[in-house]
>>> print(open('my_file_33.pdb').read())   # PDB, C-alpha atoms
MODEL        1
ATOM      1  CA  MET M   1     -26.582  -0.678   7.286  1.00  0.00           C
ATOM      2  CA  GLU M   2     -23.754  -2.609   5.648  1.00  0.00           C
ATOM      3  CA  SER M   3     -21.812  -0.731   3.014  1.00  0.00           C
ATOM      4  CA  GLU M   4     -21.621  -2.002  -0.531  1.00  0.00           C
ATOM      5  CA  MET M   5     -18.476  -3.873  -1.431  1.00  0.00           C
ATOM      6  CA  PRO M   6     -16.153  -1.649  -3.424  1.00  0.00           C
ATOM      7  CA  THR M   7     -15.782  -2.470  -7.113  1.00  0.00           C
ATOM      8  CA  ARG M   8     -12.549  -4.341  -7.845  1.00  0.00           C
ATOM      9  CA  ILE M   9     -12.044  -5.180 -11.493  1.00  0.00           C
ATOM     10  CA  LEU M  10      -8.863  -6.691 -12.881  1.00  0.00           C
ATOM     11  CA  LEU M  11      -8.756  -6.553 -16.672  1.00  0.00           C
ATOM     12  CA  GLU M  12      -6.688  -9.535 -17.717  1.00  0.00           C
ATOM     13  CA  GLY M  13      -5.311 -10.069 -21.170  1.00  0.00           C
ATOM     14  CA  ARG M  14      -2.395 -10.937 -23.330  1.00  0.00           C
ATOM     15  CA  PRO M  15       0.132  -8.287 -24.367  1.00  0.00           C
ATOM     16  CA  ALA M  16      -1.120  -5.954 -27.128  1.00  0.00           C
ATOM     17  CA  VAL M  17      -4.735  -7.144 -26.849  1.00  0.00           C
ATOM     18  CA  GLY M  18      -5.917  -3.602 -26.029  1.00  0.00           C
ATOM     19  CA  LYS M  19      -5.947  -3.329 -22.214  1.00  0.00           C
ATOM     20  CA  THR M  20      -4.472   0.197 -22.225  1.00  0.00           C
ATOM     21  CA  THR M  21      -6.983   1.372 -24.826  1.00  0.00           C
ATOM     22  CA  VAL M  22      -9.841   0.011 -22.679  1.00  0.00           C
ATOM     23  CA  VAL M  23      -8.578   1.949 -19.619  1.00  0.00           C
ATOM     24  CA  ARG M  24      -8.006   5.180 -21.572  1.00  0.00           C
ATOM     25  CA  ARG M  25     -11.451   5.054 -23.190  1.00  0.00           C
ATOM     26  CA  LEU M  26     -13.036   4.206 -19.846  1.00  0.00           C
ATOM     27  CA  ALA M  27     -11.367   7.246 -18.214  1.00  0.00           C
ATOM     28  CA  MET M  28     -12.737   9.488 -21.005  1.00  0.00           C
ATOM     29  CA  LEU M  29     -16.261   8.074 -20.664  1.00  0.00           C
ATOM     30  CA  LEU M  30     -16.546   8.666 -16.908  1.00  0.00           C
ATOM     31  CA  HIS M  31     -18.216  11.997 -16.197  1.00  0.00           C
ATOM     32  CA  THR M  32     -19.406  11.648 -12.603  1.00  0.00           C
ATOM     33  CA  ARG M  33     -16.294   9.992 -11.165  1.00  0.00           C
ATOM     34  CA  LYS M  34     -12.971  11.524 -10.180  1.00  0.00           C
ATOM     35  CA  THR M  35     -10.265   9.208 -11.532  1.00  0.00           C
ATOM     36  CA  VAL M  36      -6.701   8.857 -10.314  1.00  0.00           C
ATOM     37  CA  GLY M  37      -3.996   6.588 -11.632  1.00  0.00           C
ATOM     38  CA  PHE M  38      -1.958   6.137 -14.773  1.00  0.00           C
ATOM     39  CA  THR M  39      -1.663   4.435 -18.125  1.00  0.00           C
ATOM     40  CA  THR M  40       1.410   3.100 -19.874  1.00  0.00           C
ATOM     41  CA  GLU M  41       2.095   2.867 -23.564  1.00  0.00           C
ATOM     42  CA  GLU M  42       4.738   1.511 -25.864  1.00  0.00           C
ATOM     43  CA  ILE M  43       7.404   3.763 -27.319  1.00  0.00           C
ATOM     44  CA  ARG M  44       8.268   2.682 -30.847  1.00  0.00           C
ATOM     45  CA  GLN M  45      11.121   3.741 -33.085  1.00  0.00           C
ATOM     46  CA  GLY M  46      11.039   2.540 -36.658  1.00  0.00           C
ATOM     47  CA  GLY M  47       8.413  -0.065 -35.854  1.00  0.00           C
ATOM     48  CA  VAL M  48      10.495  -1.547 -33.016  1.00  0.00           C
ATOM     49  CA  ARG M  49       9.392  -1.308 -29.384  1.00  0.00           C
ATOM     50  CA  THR M  50      12.143   0.514 -27.485  1.00  0.00           C
ATOM     51  CA  GLY M  51      10.402   1.342 -24.233  1.00  0.00           C
ATOM     52  CA  PHE M  52       7.331   2.361 -22.291  1.00  0.00           C
ATOM     53  CA  ALA M  53       6.007   5.748 -21.235  1.00  0.00           C
ATOM     54  CA  LEU M  54       3.843   6.356 -18.184  1.00  0.00           C
ATOM     55  CA  GLU M  55       1.138   9.042 -18.188  1.00  0.00           C
ATOM     56  CA  THR M  56      -0.915  10.198 -15.205  1.00  0.00           C
ATOM     57  CA  LEU M  57      -4.694  10.498 -15.571  1.00  0.00           C
ATOM     58  CA  THR M  58      -4.678  13.770 -13.622  1.00  0.00           C
ATOM     59  CA  GLY M  59      -2.494  16.525 -14.965  1.00  0.00           C
ATOM     60  CA  GLY M  60      -1.361  14.468 -17.952  1.00  0.00           C
ATOM     61  CA  LEU M  61       2.197  14.184 -16.648  1.00  0.00           C
ATOM     62  CA  ARG M  62       4.280  11.902 -18.834  1.00  0.00           C
ATOM     63  CA  ALA M  63       7.726  10.331 -18.580  1.00  0.00           C
ATOM     64  CA  VAL M  64       9.679   7.361 -19.907  1.00  0.00           C
ATOM     65  CA  LEU M  65       9.329   4.494 -17.418  1.00  0.00           C
ATOM     66  CA  ALA M  66      11.412   1.896 -19.231  1.00  0.00           C
ATOM     67  CA  HIS M  67      13.764   1.983 -22.196  1.00  0.00           C
ATOM     68  CA  VAL M  68      16.307  -0.222 -23.929  1.00  0.00           C
ATOM     69  CA  ASP M  69      18.861   2.608 -23.569  1.00  0.00           C
ATOM     70  CA  PHE M  70      18.466   2.851 -19.773  1.00  0.00           C
ATOM     71  CA  THR M  71      21.437   1.248 -18.044  1.00  0.00           C
ATOM     72  CA  GLY M  72      21.508  -0.098 -14.507  1.00  0.00           C
ATOM     73  CA  THR M  73      18.881  -1.865 -12.471  1.00  0.00           C
ATOM     74  CA  PRO M  74      16.196  -2.933 -12.131  1.00  0.00           C
ATOM     75  CA  ARG M  75      15.778  -4.547 -15.522  1.00  0.00           C
ATOM     76  CA  VAL M  76      12.818  -6.334 -17.058  1.00  0.00           C
ATOM     77  CA  GLY M  77      13.873  -8.201 -20.153  1.00  0.00           C
ATOM     78  CA  ARG M  78      15.900  -5.788 -22.254  1.00  0.00           C
ATOM     79  CA  TYR M  79      14.474  -2.691 -20.567  1.00  0.00           C
ATOM     80  CA  GLY M  80      16.023  -0.640 -17.807  1.00  0.00           C
ATOM     81  CA  ILE M  81      13.375   0.769 -15.440  1.00  0.00           C
ATOM     82  CA  ASP M  82      13.411   4.319 -14.068  1.00  0.00           C
ATOM     83  CA  LEU M  83      11.880   3.786 -10.618  1.00  0.00           C
ATOM     84  CA  GLY M  84      11.971   7.560 -10.094  1.00  0.00           C
ATOM     85  CA  VAL M  85       9.138   7.858 -12.613  1.00  0.00           C
ATOM     86  CA  MET M  86       6.992   5.591 -10.423  1.00  0.00           C
ATOM     87  CA  GLU M  87       7.971   7.603  -7.338  1.00  0.00           C
ATOM     88  CA  ARG M  88       7.378  11.042  -8.888  1.00  0.00           C
ATOM     89  CA  LEU M  89       4.383  10.441 -11.171  1.00  0.00           C
ATOM     90  CA  ALA M  90       2.501   7.251 -10.349  1.00  0.00           C
ATOM     91  CA  LEU M  91       2.734   7.103  -6.569  1.00  0.00           C
ATOM     92  CA  PRO M  92       1.669  10.518  -5.183  1.00  0.00           C
ATOM     93  CA  PRO M  93      -1.973  10.418  -6.398  1.00  0.00           C
ATOM     94  CA  LEU M  94      -2.300   6.718  -5.511  1.00  0.00           C
ATOM     95  CA  ARG M  95      -0.840   7.241  -2.017  1.00  0.00           C
ATOM     96  CA  ALA M  96      -3.228  10.149  -1.463  1.00  0.00           C
ATOM     97  CA  ALA M  97      -6.175   7.978  -2.548  1.00  0.00           C
ATOM     98  CA  ALA M  98      -5.042   5.183  -0.205  1.00  0.00           C
ATOM     99  CA  THR M  99      -4.519   7.416   2.847  1.00  0.00           C
ATOM    100  CA  GLU M 100      -7.495   9.734   2.477  1.00  0.00           C
ATOM    101  CA  PRO M 101      -9.974   8.050   0.150  1.00  0.00           C
ATOM    102  CA  ILE M 102     -12.450  10.540  -1.295  1.00  0.00           C
ATOM    103  CA  PRO M 103     -15.868   8.897  -1.790  1.00  0.00           C
ATOM    104  CA  GLY M 104     -16.628   8.320  -5.457  1.00  0.00           C
ATOM    105  CA  THR M 105     -12.978   8.292  -6.506  1.00  0.00           C
ATOM    106  CA  LEU M 106     -12.022   5.571  -8.958  1.00  0.00           C
ATOM    107  CA  VAL M 107      -8.461   4.305  -9.186  1.00  0.00           C
ATOM    108  CA  LEU M 108      -7.417   3.258 -12.706  1.00  0.00           C
ATOM    109  CA  ILE M 109      -4.067   1.483 -13.054  1.00  0.00           C
ATOM    110  CA  ASP M 110      -2.558   0.344 -16.342  1.00  0.00           C
ATOM    111  CA  GLU M 111      -0.813  -1.748 -15.421  1.00  0.00           C
ATOM    112  CA  LEU M 112       0.132  -4.080 -12.600  1.00  0.00           C
ATOM    113  CA  GLY M 113       3.021  -5.395 -14.686  1.00  0.00           C
ATOM    114  CA  ARG M 114       6.596  -6.449 -14.030  1.00  0.00           C
ATOM    115  CA  MET M 115       7.995  -3.003 -14.807  1.00  0.00           C
ATOM    116  CA  GLU M 116       5.652  -1.185 -12.433  1.00  0.00           C
ATOM    117  CA  LEU M 117       5.923  -3.870  -9.755  1.00  0.00           C
ATOM    118  CA  ALA M 118       9.729  -3.534  -9.781  1.00  0.00           C
ATOM    119  CA  CYS M 119       8.921  -0.560  -7.536  1.00  0.00           C
ATOM    120  CA  THR M 120       8.252  -2.055  -4.086  1.00  0.00           C
ATOM    121  CA  ALA M 121       6.632   1.185  -2.872  1.00  0.00           C
ATOM    122  CA  PHE M 122       4.109   0.761  -5.716  1.00  0.00           C
ATOM    123  CA  GLN M 123       3.344  -2.794  -4.546  1.00  0.00           C
ATOM    124  CA  ASP M 124       2.784  -1.506  -0.998  1.00  0.00           C
ATOM    125  CA  THR M 125       0.508   1.298  -2.209  1.00  0.00           C
ATOM    126  CA  VAL M 126      -1.571  -1.072  -4.359  1.00  0.00           C
ATOM    127  CA  ARG M 127      -1.974  -3.438  -1.378  1.00  0.00           C
ATOM    128  CA  ARG M 128      -3.157  -0.489   0.733  1.00  0.00           C
ATOM    129  CA  LEU M 129      -5.611   0.609  -1.979  1.00  0.00           C
ATOM    130  CA  PHE M 130      -7.130  -2.879  -2.005  1.00  0.00           C
ATOM    131  CA  GLU M 131      -7.764  -2.523   1.738  1.00  0.00           C
ATOM    132  CA  THR M 132      -9.732   0.727   1.349  1.00  0.00           C
ATOM    133  CA  GLU M 133     -13.348   1.221   0.245  1.00  0.00           C
ATOM    134  CA  ILE M 134     -12.184   2.824  -3.007  1.00  0.00           C
ATOM    135  CA  ASP M 135     -13.210   1.422  -6.414  1.00  0.00           C
ATOM    136  CA  ILE M 136     -10.334   0.036  -8.498  1.00  0.00           C
ATOM    137  CA  VAL M 137      -9.968  -0.990 -12.130  1.00  0.00           C
ATOM    138  CA  ALA M 138      -6.513  -2.279 -13.054  1.00  0.00           C
ATOM    139  CA  THR M 139      -4.981  -4.203 -15.927  1.00  0.00           C
ATOM    140  CA  VAL M 140      -2.947  -7.352 -15.393  1.00  0.00           C
ATOM    141  CA  HIS M 141      -1.041  -9.766 -17.593  1.00  0.00           C
ATOM    142  CA  ALA M 142      -2.572 -13.162 -18.206  1.00  0.00           C
ATOM    143  CA  LYS M 143       0.660 -14.834 -17.107  1.00  0.00           C
ATOM    144  CA  SER M 144       1.237 -15.810 -13.516  1.00  0.00           C
ATOM    145  CA  ASP M 145       2.953 -13.426 -11.076  1.00  0.00           C
ATOM    146  CA  PRO M 146       3.011 -13.791  -7.270  1.00  0.00           C
ATOM    147  CA  PHE M 147       1.745 -10.237  -6.696  1.00  0.00           C
ATOM    148  CA  THR M 148      -1.107 -10.236  -9.216  1.00  0.00           C
ATOM    149  CA  ASP M 149      -2.009 -13.867  -8.444  1.00  0.00           C
ATOM    150  CA  ALA M 150      -2.595 -12.815  -4.817  1.00  0.00           C
ATOM    151  CA  LEU M 151      -4.815  -9.915  -5.928  1.00  0.00           C
ATOM    152  CA  LYS M 152      -6.804 -12.207  -8.236  1.00  0.00           C
ATOM    153  CA  GLN M 153      -7.499 -14.496  -5.233  1.00  0.00           C
ATOM    154  CA  ARG M 154      -8.853 -11.676  -3.042  1.00  0.00           C
ATOM    155  CA  ALA M 155     -12.525 -11.683  -2.090  1.00  0.00           C
ATOM    156  CA  GLY M 156     -14.602  -9.290  -4.157  1.00  0.00           C
ATOM    157  CA  VAL M 157     -12.154  -9.124  -7.055  1.00  0.00           C
ATOM    158  CA  GLU M 158     -13.719  -9.648 -10.463  1.00  0.00           C
ATOM    159  CA  LEU M 159     -11.475 -10.882 -13.252  1.00  0.00           C
ATOM    160  CA  VAL M 160     -12.548  -9.669 -16.709  1.00  0.00           C
ATOM    161  CA  GLN M 161     -10.837 -11.103 -19.771  1.00  0.00           C
ATOM    162  CA  VAL M 162      -9.948  -8.525 -22.422  1.00  0.00           C
ATOM    163  CA  THR M 163     -10.066 -10.057 -25.904  1.00  0.00           C
ATOM    164  CA  ARG M 164     -10.061  -8.716 -29.437  1.00  0.00           C
ATOM    165  CA  ALA M 165     -13.763  -9.638 -29.523  1.00  0.00           C
ATOM    166  CA  ASN M 166     -14.858  -7.614 -26.450  1.00  0.00           C
ATOM    167  CA  ARG M 167     -12.291  -4.822 -26.178  1.00  0.00           C
ATOM    168  CA  ASP M 168     -14.279  -2.269 -28.200  1.00  0.00           C
ATOM    169  CA  ALA M 169     -17.503  -2.656 -26.196  1.00  0.00           C
ATOM    170  CA  LEU M 170     -15.825  -3.071 -22.794  1.00  0.00           C
ATOM    171  CA  PRO M 171     -15.170   0.619 -21.964  1.00  0.00           C
ATOM    172  CA  GLU M 172     -18.865   1.520 -22.419  1.00  0.00           C
ATOM    173  CA  THR M 173     -19.994  -1.535 -20.432  1.00  0.00           C
ATOM    174  CA  LEU M 174     -17.648  -0.711 -17.553  1.00  0.00           C
ATOM    175  CA  ALA M 175     -18.492   3.003 -17.641  1.00  0.00           C
ATOM    176  CA  ALA M 176     -22.211   2.245 -17.355  1.00  0.00           C
ATOM    177  CA  ARG M 177     -21.542   0.091 -14.282  1.00  0.00           C
ATOM    178  CA  LEU M 178     -19.186   2.563 -12.644  1.00  0.00           C
ATOM    179  CA  GLU M 179     -21.226   5.709 -13.333  1.00  0.00           C
ATOM    180  CA  ASN M 180     -24.420   4.284 -11.827  1.00  0.00           C
ATOM    181  CA  PRO M 181     -23.428   2.043  -8.942  1.00  0.00           C
TER     182      PRO M 181
ENDMDL
END
>>> encode(input="my_file_33.pdb", output="structure tokens")
Amino acid sequence: MESEMPTRILLEGRPAVGKTTVVRRLAMLLHTRKTVGFTTEEIRQGGVRTGFALETLTGGLRAVLAHVDFTGTPRVGRYGIDLGVMERLALPPLRAAATEPIPGTLVLIDELGRMELACTAFQDTVRRLFETEIDIVATVHAKSDPFTDALKQRAGVELVQVTRANRDALPETLAARLENP
């Protein structure tokens, strides 16, 4: 018997449309699935965005991934990126999922963005995950990027637009699909 194709959903949307909120709410709504991955969120000081924090879905580990005060490379816009945060927090659970996929596990990644993709080991791990049978939901920017463009072209990948109109209902819709495959 042929196995079902794994679920591959890329949530595409403009910055600040609510992609992170969709992923966080989805993670909270899933009761029968083990989730691994991370979310990112803006750090604001006095109403100004100064950086981004990364938080793991398991263990709730949190660290500053990018900040205007970080010197050195790599840089994305005005932000310095701490690749060590990707190495220490984001990668271990994703690598484990890629090497020894546990049936029923769902990988949630927020996001496949320029800051995260500055880490080449992260790119490699995401490519490996897309070659496994594991289910994946990840957020991507609407703008073109060689890495995410290639993922969007892959067979079996479903692109879902996140808009202000659908973002509130989307977590429940996705949860219903993912809980009862």
>>> residues_around(input="my_file_33.pdb", residues="region 9-23 of chain M", least_positions_apart="5", cutoff="7 Å", atoms="only C-alpha atoms", output="list in words")
Thr39, Thr40, Asp110, Ile136, Val137, Ala138, Thr139, Val140, His141, Ala142, Val157, Glu158, Leu159, Val160, Gln161, Val162, Thr163, Arg164, Arg167, Leu170 and Pro171 of chain M
>>> write_last_selection(input="my_file_33.pdb", atoms="C-alpha atoms", output="CSV table (one decimal), in the frame of the given file")
chain,number,residue,atom,x,y,z
M,39,THR,CA,-1.7,4.4,-18.1
M,40,THR,CA,1.4,3.1,-19.9
M,110,ASP,CA,-2.6,0.3,-16.3
M,136,ILE,CA,-10.3,0.0,-8.5
M,137,VAL,CA,-10.0,-1.0,-12.1
M,138,ALA,CA,-6.5,-2.3,-13.1
M,139,THR,CA,-5.0,-4.2,-15.9
M,140,VAL,CA,-2.9,-7.4,-15.4
M,141,HIS,CA,-1.0,-9.8,-17.6
M,142,ALA,CA,-2.6,-13.2,-18.2
M,157,VAL,CA,-12.2,-9.1,-7.1
M,158,GLU,CA,-13.7,-9.6,-10.5
M,159,LEU,CA,-11.5,-10.9,-13.3
M,160,VAL,CA,-12.5,-9.7,-16.7
M,161,GLN,CA,-10.8,-11.1,-19.8
M,162,VAL,CA,-9.9,-8.5,-22.4
M,163,THR,CA,-10.1,-10.1,-25.9
M,164,ARG,CA,-10.1,-8.7,-29.4
M,167,ARG,CA,-12.3,-4.8,-26.2
M,170,LEU,CA,-15.8,-3.1,-22.8
M,171,PRO,CA,-15.2,0.6,-22.0
>>> residues_around(input="my_file_33.pdb", residues="region 67-77 of chain M", least_positions_apart="3", cutoff="10 Å", atoms="all atoms listed in the file", output="MDAnalysis selection string")
chainID M and resid 42:43 49:53 64 80:83 114:116 118:119
>>> closest_residue(input="my_file_33.pdb", among="M:Thr7, M:Thr148, M:Thr99, M:Thr56", to="Arg128 (chain M)", atoms="all atoms listed in the file")
M:Thr99
>>> axis_aligned_box(input="my_file_33.pdb", around="region 43-46 of chain M", padding_each_side="4 Å", output="lines of an AutoDock Vina configuration file")
center_x = 9.3
center_y = 3.2
center_z = -32.0
size_x = 11.7
size_y = 9.2
size_z = 17.3
>>> resolve_selection(input="my_file_33.pdb", expression="the PyMOL selection byres ((chain M and resi 107) around 7)", output="list in words")
Thr35, Val36, Gly37, Thr105, Leu106, Leu108, Ile109, Asp135, Ile136 and Val137 of chain M
>>> resolve_selection(input="my_file_33.pdb", expression="the PyMOL selection byres ((chain M and resi 147) around 12)", output="list in words")
Leu112, Gly113, Arg114, Glu116, Leu117, Ala118, Thr120, Phe122, Gln123, Asp124, Val126, Arg127, Val140, His141, Lys143, Ser144, Asp145, Pro146, Thr148, Asp149, Ala150, Leu151, Lys152, Gln153 and Arg154 of chain M
>>> atom_distance(input="my_file_33.pdb", atom1="CA of Asn180 (chain M)", atom2="CA of Thr32 (chain M)")
8.9 Å
>>> atom_distance(input="my_file_33.pdb", atom1="CA of Arg33 (chain M)", atom2="CA of Arg8 (chain M)")
15.2 Å
>>> closest_residue(input="my_file_33.pdb", among="M:Leu61, M:Met5, M:Leu174, M:Leu29", to="Gly156 (chain M)", atoms="all atoms listed in the file")
M:Met5
>>> atom_distance(input="my_file_33.pdb", atom1="CA of Ala27 (chain M)", atom2="CA of Ala175 (chain M)")
8.3 Å
>>> decode(input="my_file_33.pdb", residues="region 148-159 of chain M", atoms="all heavy atoms", output="short mmCIF file (atom, residue, chain, number, x, y, z; two decimals), in the first residue's frame")
data_model
loop_
_atom_site.label_atom_id
_atom_site.label_comp_id
_atom_site.auth_asym_id
_atom_site.auth_seq_id
_atom_site.Cartn_x
_atom_site.Cartn_y
_atom_site.Cartn_z
N THR M 148 13.37 29.74 -0.55
CA THR M 148 11.94 29.50 -0.37
C THR M 148 11.24 29.30 -1.72
O THR M 148 10.28 28.53 -1.81
CB THR M 148 11.25 30.62 0.44
OG1 THR M 148 11.56 31.88 -0.16
CG2 THR M 148 11.72 30.61 1.88
N ASP M 149 11.73 29.95 -2.77
CA ASP M 149 11.15 29.73 -4.10
C ASP M 149 11.28 28.26 -4.50
O ASP M 149 10.35 27.67 -5.04
CB ASP M 149 11.83 30.61 -5.17
CG ASP M 149 11.48 32.09 -5.00
OD1 ASP M 149 10.59 32.41 -4.19
OD2 ASP M 149 12.10 32.92 -5.69
N ALA M 150 12.43 27.66 -4.19
CA ALA M 150 12.65 26.24 -4.51
C ALA M 150 11.69 25.35 -3.71
O ALA M 150 11.14 24.39 -4.24
CB ALA M 150 14.11 25.86 -4.23
N LEU M 151 11.47 25.69 -2.45
CA LEU M 151 10.53 24.90 -1.63
C LEU M 151 9.11 25.02 -2.18
O LEU M 151 8.37 24.04 -2.23
CB LEU M 151 10.54 25.37 -0.17
CG LEU M 151 11.78 25.05 0.67
CD1 LEU M 151 11.59 25.58 2.09
CD2 LEU M 151 12.10 23.57 0.69
N LYS M 152 8.74 26.24 -2.59
CA LYS M 152 7.39 26.47 -3.11
C LYS M 152 7.14 25.66 -4.38
O LYS M 152 6.00 25.31 -4.68
CB LYS M 152 7.17 27.97 -3.39
CG LYS M 152 7.11 28.83 -2.14
CD LYS M 152 7.06 30.32 -2.51
CE LYS M 152 7.22 31.19 -1.28
NZ LYS M 152 7.22 32.64 -1.59
N GLN M 153 8.21 25.36 -5.12
CA GLN M 153 8.09 24.61 -6.39
C GLN M 153 8.01 23.10 -6.17
O GLN M 153 7.70 22.36 -7.09
CB GLN M 153 9.29 24.89 -7.31
CG GLN M 153 9.49 26.35 -7.68
CD GLN M 153 8.25 26.97 -8.28
OE1 GLN M 153 7.59 26.38 -9.13
NE2 GLN M 153 7.90 28.17 -7.82
N ARG M 154 8.36 22.64 -4.96
CA ARG M 154 8.40 21.19 -4.71
C ARG M 154 7.03 20.55 -4.85
O ARG M 154 6.01 21.14 -4.49
CB ARG M 154 8.93 20.91 -3.30
CG ARG M 154 10.40 21.16 -3.14
CD ARG M 154 10.84 20.77 -1.74
NE ARG M 154 10.90 19.33 -1.62
CZ ARG M 154 12.03 18.65 -1.41
NH1 ARG M 154 13.17 19.28 -1.30
NH2 ARG M 154 12.00 17.35 -1.30
N ALA M 155 7.03 19.30 -5.31
CA ALA M 155 5.78 18.54 -5.42
C ALA M 155 5.20 18.34 -4.02
O ALA M 155 5.95 18.11 -3.07
CB ALA M 155 6.05 17.19 -6.07
N GLY M 156 3.89 18.46 -3.92
CA GLY M 156 3.23 18.20 -2.65
C GLY M 156 3.23 19.37 -1.67
O GLY M 156 2.71 19.24 -0.57
N VAL M 157 3.81 20.49 -2.08
CA VAL M 157 3.82 21.66 -1.20
C VAL M 157 2.60 22.52 -1.50
O VAL M 157 2.32 22.85 -2.65
CB VAL M 157 5.12 22.49 -1.35
CG1 VAL M 157 4.99 23.84 -0.65
CG2 VAL M 157 6.31 21.72 -0.80
N GLU M 158 1.87 22.84 -0.46
CA GLU M 158 0.67 23.67 -0.59
C GLU M 158 0.98 25.06 -0.06
O GLU M 158 1.46 25.22 1.05
CB GLU M 158 -0.44 23.02 0.24
CG GLU M 158 -1.76 23.70 0.15
CD GLU M 158 -2.80 23.06 1.08
OE1 GLU M 158 -2.59 21.91 1.53
OE2 GLU M 158 -3.80 23.73 1.35
N LEU M 159 0.74 26.05 -0.88
CA LEU M 159 0.98 27.44 -0.50
C LEU M 159 -0.34 28.04 -0.03
O LEU M 159 -1.31 28.06 -0.77
CB LEU M 159 1.53 28.20 -1.71
CG LEU M 159 2.37 29.44 -1.46
CD1 LEU M 159 3.53 29.14 -0.53
CD2 LEU M 159 2.90 29.98 -2.79
#
